[in-house]
Structures are given as structure tokens and as C-alpha cells.
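Content type PDB, C-alpha atoms, from the file my_file29.pdb:
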ATOM      1  CA  MET A   1     140.774 -94.263 -87.790
ATOM      2  CA  ASN A   2     141.625 -96.273 -84.682
ATOM      3  CA  GLN A   3     143.760 -93.407 -83.361
ATOM      4  CA  LEU A   4     140.879 -90.928 -83.886
ATOM      5  CA  SER A   5     138.479 -93.206 -82.016
ATOM      6  CA  ALA A   6     140.938 -93.538 -79.161
ATOM      7  CA  LYS A   7     141.341 -89.750 -78.943
ATOM      8  CA  LEU A   8     137.572 -89.221 -78.967
ATOM      9  CA  ALA A   9     137.160 -91.831 -76.246
ATOM     10  CA  LEU A  10     139.847 -90.129 -74.134
ATOM     11  CA  LEU A  11     138.220 -86.727 -74.675
ATOM     12  CA  SER A  12     134.864 -88.137 -73.578
ATOM     13  CA  LEU A  13     136.433 -89.517 -70.401
ATOM     14  CA  LEU A  14     137.995 -86.134 -69.625
ATOM     15  CA  VAL A  15     134.649 -84.368 -70.101
ATOM     16  CA  LEU A  16     132.937 -86.858 -67.792
ATOM     17  CA  PHE A  17     135.679 -86.387 -65.178
ATOM     18  CA  VAL A  18     135.270 -82.591 -65.236
ATOM     19  CA  LEU A  19     131.497 -82.842 -64.937
ATOM     20  CA  PHE A  20     131.757 -85.314 -62.051
ATOM     21  CA  THR A  21     134.277 -83.263 -60.066
ATOM     22  CA  THR A  22     132.277 -80.056 -60.614
ATOM     23  CA  ALA A  23     129.097 -81.685 -59.334
ATOM     24  CA  ALA A  24     130.948 -83.127 -56.349
ATOM     25  CA  CYS A  25     132.345 -79.716 -55.423
ATOM     26  CA  GLN A  26     128.937 -78.098 -55.671
ATOM     27  CA  SER A  27     127.251 -80.716 -53.469
ATOM     28  CA  ASN A  28     130.154 -80.855 -50.994
ATOM     29  CA  PRO A  29     131.613 -77.343 -50.769
ATOM     30  CA  VAL A  30     135.155 -76.976 -49.492
ATOM     31  CA  ARG A  31     135.107 -76.058 -45.818
ATOM     32  CA  GLY A  32     137.796 -74.262 -43.889
ATOM     33  CA  SER A  33     138.934 -74.266 -40.276
ATOM     34  CA  LYS A  34     137.379 -71.047 -38.986
ATOM     35  CA  THR A  35     134.687 -71.410 -36.346
ATOM     36  CA  ASN A  36     131.445 -69.460 -36.249
ATOM     37  CA  GLY A  37     132.017 -65.841 -35.307
ATOM     38  CA  ALA A  38     135.464 -65.660 -36.909
ATOM     39  CA  LEU A  39     136.144 -63.019 -39.564
ATOM     40  CA  CYS A  40     135.936 -64.306 -43.122
ATOM     41  CA  ALA A  41     135.754 -63.191 -46.725
ATOM     42  CA  GLN A  42     134.623 -66.443 -48.365
ATOM     43  CA  SER A  43     132.447 -69.342 -47.264
ATOM     44  CA  SER A  44     135.269 -71.806 -47.999
ATOM     45  CA  GLU A  45     137.127 -70.401 -44.966
ATOM     46  CA  CYS A  46     134.419 -71.498 -42.517
ATOM     47  CA  GLN A  47     133.742 -74.844 -40.872
ATOM     48  CA  SER A  48     130.032 -74.164 -41.395
ATOM     49  CA  GLY A  49     130.588 -73.498 -45.096
ATOM     50  CA  TYR A  50     128.917 -70.116 -44.732
ATOM     51  CA  CYS A  51     130.537 -66.671 -44.512
ATOM     52  CA  ALA A  52     127.490 -64.634 -43.528
ATOM     53  CA  ASP A  53     127.243 -61.200 -45.124
ATOM     54  CA  GLY A  54     130.806 -61.625 -46.383
ATOM     55  CA  ARG A  55     132.160 -60.895 -42.931
ATOM     56  CA  ARG A  56     131.713 -63.593 -40.256
ATOM     57  CA  CYS A  57     131.412 -67.378 -40.247
ATOM     58  CA  ALA A  58     127.943 -68.401 -39.088
ATOM     59  CA  PRO A  59     125.504 -71.331 -39.184
ATOM     60  CA  MET A  60     123.667 -71.900 -42.447
ATOM     61  CA  ASP A  61     120.260 -70.217 -42.411
ATOM     62  CA  PHE A  62     117.841 -71.750 -39.875
ATOM     63  CA  THR A  63     120.318 -74.437 -38.722
ATOM     64  CA  GLY A  64     121.943 -72.835 -35.650
ATOM     65  CA  LEU A  65     121.167 -74.675 -32.408
ATOM     66  CA  ALA A  66     120.720 -73.123 -28.973
ATOM     67  CA  ASN A  67     123.821 -71.197 -27.808
ATOM     68  CA  GLU A  68     125.513 -71.252 -31.238
ATOM     69  CA  TYR A  69     126.981 -67.993 -32.606
ATOM     70  CA  CYS A  70     124.681 -65.723 -34.583
ATOM     71  CA  HIS A  71     124.316 -62.094 -35.571
ATOM     72  CA  HIS A  72     120.993 -62.405 -37.419
ATOM     73  CA  ASP A  73     117.744 -64.236 -36.639
ATOM     74  CA  ASN A  74     118.020 -66.304 -39.834
ATOM     75  CA  HIS A  75     121.135 -68.088 -38.532
ATOM     76  CA  CYS A  76     119.077 -69.865 -35.871
ATOM     77  CA  ARG A  77     116.803 -72.877 -36.095
ATOM     78  CA  SER A  78     114.522 -71.083 -33.643
ATOM     79  CA  GLY A  79     114.431 -67.973 -35.849
ATOM     80  CA  ARG A  80     115.726 -65.918 -32.936
ATOM     81  CA  CYS A  81     119.247 -64.618 -32.217
ATOM     82  CA  GLY A  82     119.770 -63.308 -28.691
ATOM     83  CA  CYS A  83     122.117 -60.314 -29.125
ATOM     84  CA  ASP A  84     124.795 -59.898 -26.463
ATOM     85  CA  ASN A  85     123.840 -56.253 -25.866
ATOM     86  CA  GLY A  86     120.114 -56.932 -26.105
ATOM     87  CA  LEU A  87     119.722 -54.565 -29.063
ATOM     88  CA  ARG A  88     118.790 -55.274 -32.665
ATOM     89  CA  GLY A  89     117.878 -53.245 -35.706
ATOM     90  CA  PRO A  90     114.616 -53.485 -37.648
ATOM     91  CA  ASP A  91     116.449 -55.756 -40.116
ATOM     92  CA  SER A  92     116.883 -58.444 -37.391
ATOM     93  CA  PHE A  93     120.656 -57.938 -37.178
ATOM     94  CA  CYS A  94     122.358 -57.467 -33.814
ATOM     95  CA  ASN A  95     123.166 -53.772 -34.010
ATOM     96  CA  ASN A  96     126.805 -54.205 -32.920
ATOM     97  CA  TRP A  97     127.820 -57.218 -35.006
ATOM     98  CA  ARG A  98     130.059 -55.248 -37.392
ATOM     99  CA  SER A  99     132.080 -53.894 -34.474
ATOM    100  CA  GLY A 100     132.729 -57.283 -32.884
ATOM    101  CA  GLY A 101     129.461 -57.842 -31.055
ATOM    102  CA  SER A 102     127.477 -61.012 -31.529
ATOM    103  CA  GLY A 103     124.713 -63.149 -30.136
ATOM    104  CA  THR A 104     123.731 -66.738 -29.496
ATOM    105  CA  CYS A 105     120.785 -68.673 -30.862
ATOM    106  CA  THR A 106     117.909 -69.084 -28.445
ATOM    107  CA  ASP A 107     116.152 -72.423 -28.072
ATOM    108  CA  ARG A 108     112.719 -73.102 -29.510
ATOM    109  CA  ARG A 109     109.878 -72.530 -27.080
ATOM    110  CA  ASP A 110     107.219 -74.851 -25.732
ATOM    111  CA  ASN A 111     103.509 -74.163 -26.178
ATOM    112  CA  GLY A 112     102.237 -71.319 -24.032
ATOM    113  CA  ASN A 113     105.383 -69.206 -24.402
ATOM    114  CA  ASP A 114     105.597 -65.912 -26.288
ATOM    115  CA  CYS A 115     106.595 -65.941 -29.953
ATOM    116  CA  THR A 116     106.735 -63.721 -33.011
ATOM    117  CA  LYS A 117     107.071 -66.343 -35.771
ATOM    118  CA  ASN A 118     106.532 -70.057 -36.307
ATOM    119  CA  GLU A 119     110.238 -70.902 -36.134
ATOM    120  CA  ASN A 120     110.281 -69.790 -32.479
ATOM    121  CA  CYS A 121     108.079 -72.733 -31.443
ATOM    122  CA  ASN A 122     108.713 -76.446 -31.001
ATOM    123  CA  SER A 123     105.225 -76.973 -32.423
ATOM    124  CA  GLY A 124     106.061 -74.865 -35.480
ATOM    125  CA  HIS A 125     102.970 -72.751 -34.819
ATOM    126  CA  CYS A 126     103.041 -69.211 -33.383
ATOM    127  CA  ALA A 127      99.327 -68.616 -32.912
ATOM    128  CA  ASP A 128      97.916 -65.109 -33.398
ATOM    129  CA  LYS A 129     101.347 -63.627 -34.077
ATOM    130  CA  GLY A 130     101.150 -59.936 -34.814
ATOM    131  CA  LYS A 131      97.498 -59.683 -33.795
ATOM    132  CA  VAL A 132      97.830 -58.604 -30.200
ATOM    133  CA  GLY A 133      99.955 -55.814 -28.711
ATOM    134  CA  GLN A 134     101.385 -57.201 -25.487
ATOM    135  CA  LEU A 135     104.425 -57.247 -23.258
ATOM    136  CA  ASP A 136     106.600 -59.839 -24.924
ATOM    137  CA  PHE A 137     109.861 -61.259 -23.606
ATOM    138  CA  TRP A 138     111.507 -60.579 -26.970
ATOM    139  CA  THR A 139     110.087 -57.719 -28.978
ATOM    140  CA  GLY A 140     107.078 -56.176 -27.268
ATOM    141  CA  SER A 141     104.436 -57.828 -29.430
ATOM    142  CA  GLY A 142     103.577 -61.219 -30.797
ATOM    143  CA  GLY A 143     101.622 -64.414 -30.217
ATOM    144  CA  ARG A 144     101.964 -67.627 -28.255
ATOM    145  CA  CYS A 145     103.319 -71.013 -29.260
ATOM    146  CA  ALA A 146     100.406 -73.431 -29.556
ATOM    147  CA  PRO A 147      99.458 -76.769 -31.101
ATOM    148  CA  ASN A 148      98.740 -76.698 -34.808
ATOM    149  CA  ASP A 149      95.005 -76.384 -35.414
ATOM    150  CA  GLY A 150      93.115 -79.534 -34.522
ATOM    151  CA  THR A 151      96.120 -81.386 -33.045
ATOM    152  CA  GLY A 152      96.127 -80.493 -29.327
ATOM    153  CA  ALA A 153      95.574 -83.579 -27.165
ATOM    154  CA  ALA A 154      93.772 -83.554 -23.807
ATOM    155  CA  GLY A 155      95.749 -81.390 -21.398
ATOM    156  CA  ALA A 156      97.705 -79.566 -24.121
ATOM    157  CA  TYR A 157      98.069 -75.769 -23.879
ATOM    158  CA  CYS A 158      95.516 -73.732 -25.838
ATOM    159  CA  HIS A 159      93.985 -70.293 -26.040
ATOM    160  CA  HIS A 160      91.534 -71.063 -28.842
ATOM    161  CA  ASN A 161      89.216 -73.978 -29.562
ATOM    162  CA  ASN A 162      90.937 -74.524 -32.908
ATOM    163  CA  HIS A 163      94.111 -75.649 -31.149
ATOM    164  CA  CYS A 164      92.404 -78.746 -29.748
ATOM    165  CA  ALA A 165      91.606 -82.056 -31.412
ATOM    166  CA  SER A 166      88.410 -82.051 -29.347
ATOM    167  CA  GLY A 167      87.521 -78.562 -30.592
ATOM    168  CA  SER A 168      87.237 -77.381 -26.994
ATOM    169  CA  CYS A 169      89.716 -75.225 -25.060
ATOM    170  CA  ASN A 170      88.882 -75.017 -21.348
ATOM    171  CA  CYS A 171      89.689 -71.612 -19.842
ATOM    172  CA  PRO A 172      88.454 -71.557 -16.227
ATOM    173  CA  GLY A 173      87.499 -68.294 -14.604
ATOM    174  CA  GLY A 174      88.150 -66.231 -17.740
ATOM    175  CA  THR A 175      91.891 -66.853 -17.620
ATOM    176  CA  SER A 176      93.874 -65.952 -20.692
ATOM    177  CA  PHE A 177      94.912 -69.489 -21.559
ATOM    178  CA  GLY A 178      93.811 -73.018 -20.848
ATOM    179  CA  PHE A 179      94.206 -76.670 -21.709
ATOM    180  CA  CYS A 180      92.478 -78.808 -24.272
ATOM    181  CA  ALA A 181      89.616 -80.808 -22.739
ATOM    182  CA  SER A 182      90.815 -80.323 -19.135
ATOM    183  CA  TRP A 183      92.474 -77.732 -16.973
ATOM    184  CA  GLU A 184      95.759 -78.822 -15.413
ATOM    185  CA  GLY A 185      96.724 -75.757 -13.458
ATOM    186  CA  PHE A 186      99.204 -74.195 -15.892
ATOM    187  CA  GLY A 187     100.780 -71.304 -14.006
ATOM    188  CA  MET A 188      98.692 -71.865 -10.887
ATOM    189  CA  ASN A 189     101.774 -72.705  -8.817
ATOM    190  CA  VAL A 190     103.932 -69.953 -10.310
ATOM    191  CA  ALA A 191     104.836 -67.086  -7.968
ATOM    192  CA  ASP A 192     102.988 -63.844  -8.677
ATOM    193  CA  THR A 193     106.175 -61.833  -8.199
ATOM    194  CA  ILE A 194     109.919 -62.290  -8.659
ATOM    195  CA  GLY A 195     112.170 -59.988  -6.696
ATOM    196  CA  GLY A 196     109.238 -57.726  -5.926
ATOM    197  CA  ARG A 197     108.264 -57.353  -9.575
ATOM    198  CA  PRO A 198     105.302 -58.988 -11.383
ATOM    199  CA  ASN A 199     106.071 -62.411 -12.839
ATOM    200  CA  PRO A 200     104.904 -62.474 -16.503
ATOM    201  CA  GLN A 201     104.383 -66.249 -16.223
ATOM    202  CA  SER A 202     101.819 -65.994 -13.417
ATOM    203  CA  ILE A 203      98.099 -66.146 -14.071
ATOM    204  CA  LYS A 204      97.578 -63.023 -11.961
ATOM    205  CA  PHE A 205      99.848 -61.050 -14.290
ATOM    206  CA  GLN A 206      98.263 -62.501 -17.431
ATOM    207  CA  MET A 207      94.741 -61.707 -16.241
ATOM    208  CA  SER A 208      95.731 -58.151 -15.280
ATOM    209  CA  ARG A 209      96.975 -57.591 -18.825
ATOM    210  CA  GLY A 210      94.054 -59.335 -20.481
ATOM    211  CA  PHE A 211      96.301 -61.278 -22.819
ATOM    212  CA  PHE A 212      94.827 -63.816 -25.169
ATOM    213  CA  ARG A 213      91.363 -64.260 -23.798
ATOM    214  CA  CYS A 214      90.253 -67.736 -24.734
ATOM    215  CA  ASN A 215      87.659 -67.656 -27.469
TER     216      ASN A 215
END
Let me see the file written as C-alpha cells.
Amino acid sequence: MNQLSAKLALLSLLVLFVLFTTAACQSNPVRGSKTNGALCAQSSECQSGYCADGRRCAPMDFTGLANEYCHHDNHCRSGRCGCDNGLRGPDSFCNNWRSGGSGTCTDRRDNGNDCTKNENCNSGHCADKGKVGQLDFWTGSGGRCAPNDGTGAAGAYCHHNNHCASGSCNCPGGTSFGFCASWEGFGMNVADTIGGRPNPQSIKFQMSRGFFRCN
């Protein structure tokens, strides 16, 4: 009877050991030595712990910092992968990634800059994304990074009253964007042209396009 109890106790310890090691492996996956961008077949080969699309080591989804390797928007914290050839497919992959091409993650953007999704913005809010067809630095259409509704302090960028804690977005002279509670000359000192071509950051350019009329 004592021998049976001892065997059962030993078996219980073995079961607990297996369960513990399995849980530890799942929470701390084995990581390899390959850097992002290297060819891979399994995630265990990569320092990041992620073999994206079963082909290349890459950052875990939405963790890649500015200038880190990527071949898909989802690899980047900013939600945007800048492809080395400037071309991407409708599926958000760099169109040459299978043949050795790649990209690097872009940084998140400050309020007032173009965006297509919330991840693009430091504020986490891409206002009016998809509502306005405009010349965009990235895709040709989108919105602008802005404060989350009701959070913009005095002087913060806005193009709608909802962006401001005061409920008032000042847009002098019918310009396409303004500042909460007071105008602080955003873009007023920006050159109208760069190298003889219109500067998309200048107020003159914005007004000529009629982007984002304050409302």
C-alpha cells in the first residue's frame, strides 16, 4: 500500500512538471538568432519570435518601431510600413517582399498630419478618415491626426469643434485647419513652395485644395 501511494505521488509530480513546463513554453516561446527580414520557416528561428507569413522574421503585429523591418502594415506600431520601392498591393503588403524587397516602419504622426487609420497617429485618432478624397502623403485619401473628441487643450490642432475641450475650433480666414481656443499660426511660416513645387504643408496649398474646412 505504501509503495502504491509513493508511485501515485511520483506520478502526480510528473504530471505537474509537464503542465508547468508546457505553460512556461507557451508564455515564453523559444526564440532564435535570426533578425527581422531574415528568411525563416518557423517563429522559433526569429529573435522577434515571429516568422511572418511563414517566410521572413518580422516584428509582432503592431509592435514595430520607426525604421524597423516590415513588409506589411500590421508589423508596425504606427500601422504603416514604408515600402522600399514605394509600391504596395491592396492587401497592405509591399509588392516586392517575396522577391527580397522590404520596407521600414514609419513613425506615428503628430496632430495635423495626414492619416488613414488611428494607429498612424500619436493621439490614436485619425479624424474623418475615409471621408474626404484628398492628396495624401501615403495613399491618396484619408483624414488628419487630431485630438480625441473633447480633449484638445487651448492651442491644440483641430479642424472640428469636437476636437476641443472648449468645444470651439478657431479657423481664421476660412483656413482648412485651426487651433482650439486660439490661433497660433500653424503653417503660417511654412514656405509655399519647395523646389518650385507647391508645399502640401503650407496654408496656401491647403486652401487651394479646400481640404478639411473647419466646421
- prompt: Within 10 Å of (119.0, -75.3, -35.7), only C-alpha atoms: residues as a ChimeraX atom specification?
  reply: /A:59-66,68,74-79,105-108,119
- request: Identify all residues satisfying the PyMOL selection byres ((chain A and resi 179) around 6) in the given file; provide them as a PyMOL selection string.
  value: chain A and resi 155-158+169-170+178+180+182-183
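Residues in contact with Ala165 (chain A) at 8 Å, where only C-alpha atoms are counted and same-chain residues fewer than 2 positions away are skipped, are listed as Asp149, Gly150, Thr151, Gly152, Ala153, Asn162, His163, Gly167, Ser168 and Cys180 of chain A.
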Those same residues - C-alpha atoms - I'd like them written as a CSV table (one decimal), in the coordinates of the input.
chain,number,residue,atom,x,y,z
A,149,ASP,CA,95.0,-76.4,-35.4
A,150,GLY,CA,93.1,-79.5,-34.5
A,151,THR,CA,96.1,-81.4,-33.0
A,152,GLY,CA,96.1,-80.5,-29.3
A,153,ALA,CA,95.6,-83.6,-27.2
A,162,ASN,CA,90.9,-74.5,-32.9
A,163,HIS,CA,94.1,-75.6,-31.1
A,167,GLY,CA,87.5,-78.6,-30.6
A,168,SER,CA,87.2,-77.4,-27.0
A,180,CYS,CA,92.5,-78.8,-24.3
query: For the atom pair CA of Gly103 (chain A) and CA of Arg56 (chain A), what is the interatomic distance in Å to one decimal place?
result: 12.3 Å
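Interatomic distance, CA of Ala154 (chain A) against CA of Asn120 (chain A): 23.2 Å.
CA of Cys51 (chain A) is found 18.6 Å from CA of Asn67 (chain A).
The closest residue to Gly143 (chain A), picked from A:Leu87, A:Ala127, A:Ala52, A:Cys81 and counting only C-alpha atoms, is A:Ala127.
Note on the selection: in this file the PyMOL selection byres ((chain A and resi 114) around 6) comes out as Asn113, Cys115, Gly143 and Arg144 of chain A.
Excluding Leu39 (chain A) and any residue on its chain fewer than 5 positions from it, the residues at most 10 Å away by all atoms listed in the file are Lys34, Glu45, Cys46, Cys51, Ala52, Gly54, Arg55, Arg56, Cys57, Ala58 and Gly100 of chain A.
Each of A:Lys129, A:His71, A:Arg80, A:Arg88 was checked against Gly101 (chain A) using all atoms listed in the file; the smallest atom-to-atom distance is that of A:His71.
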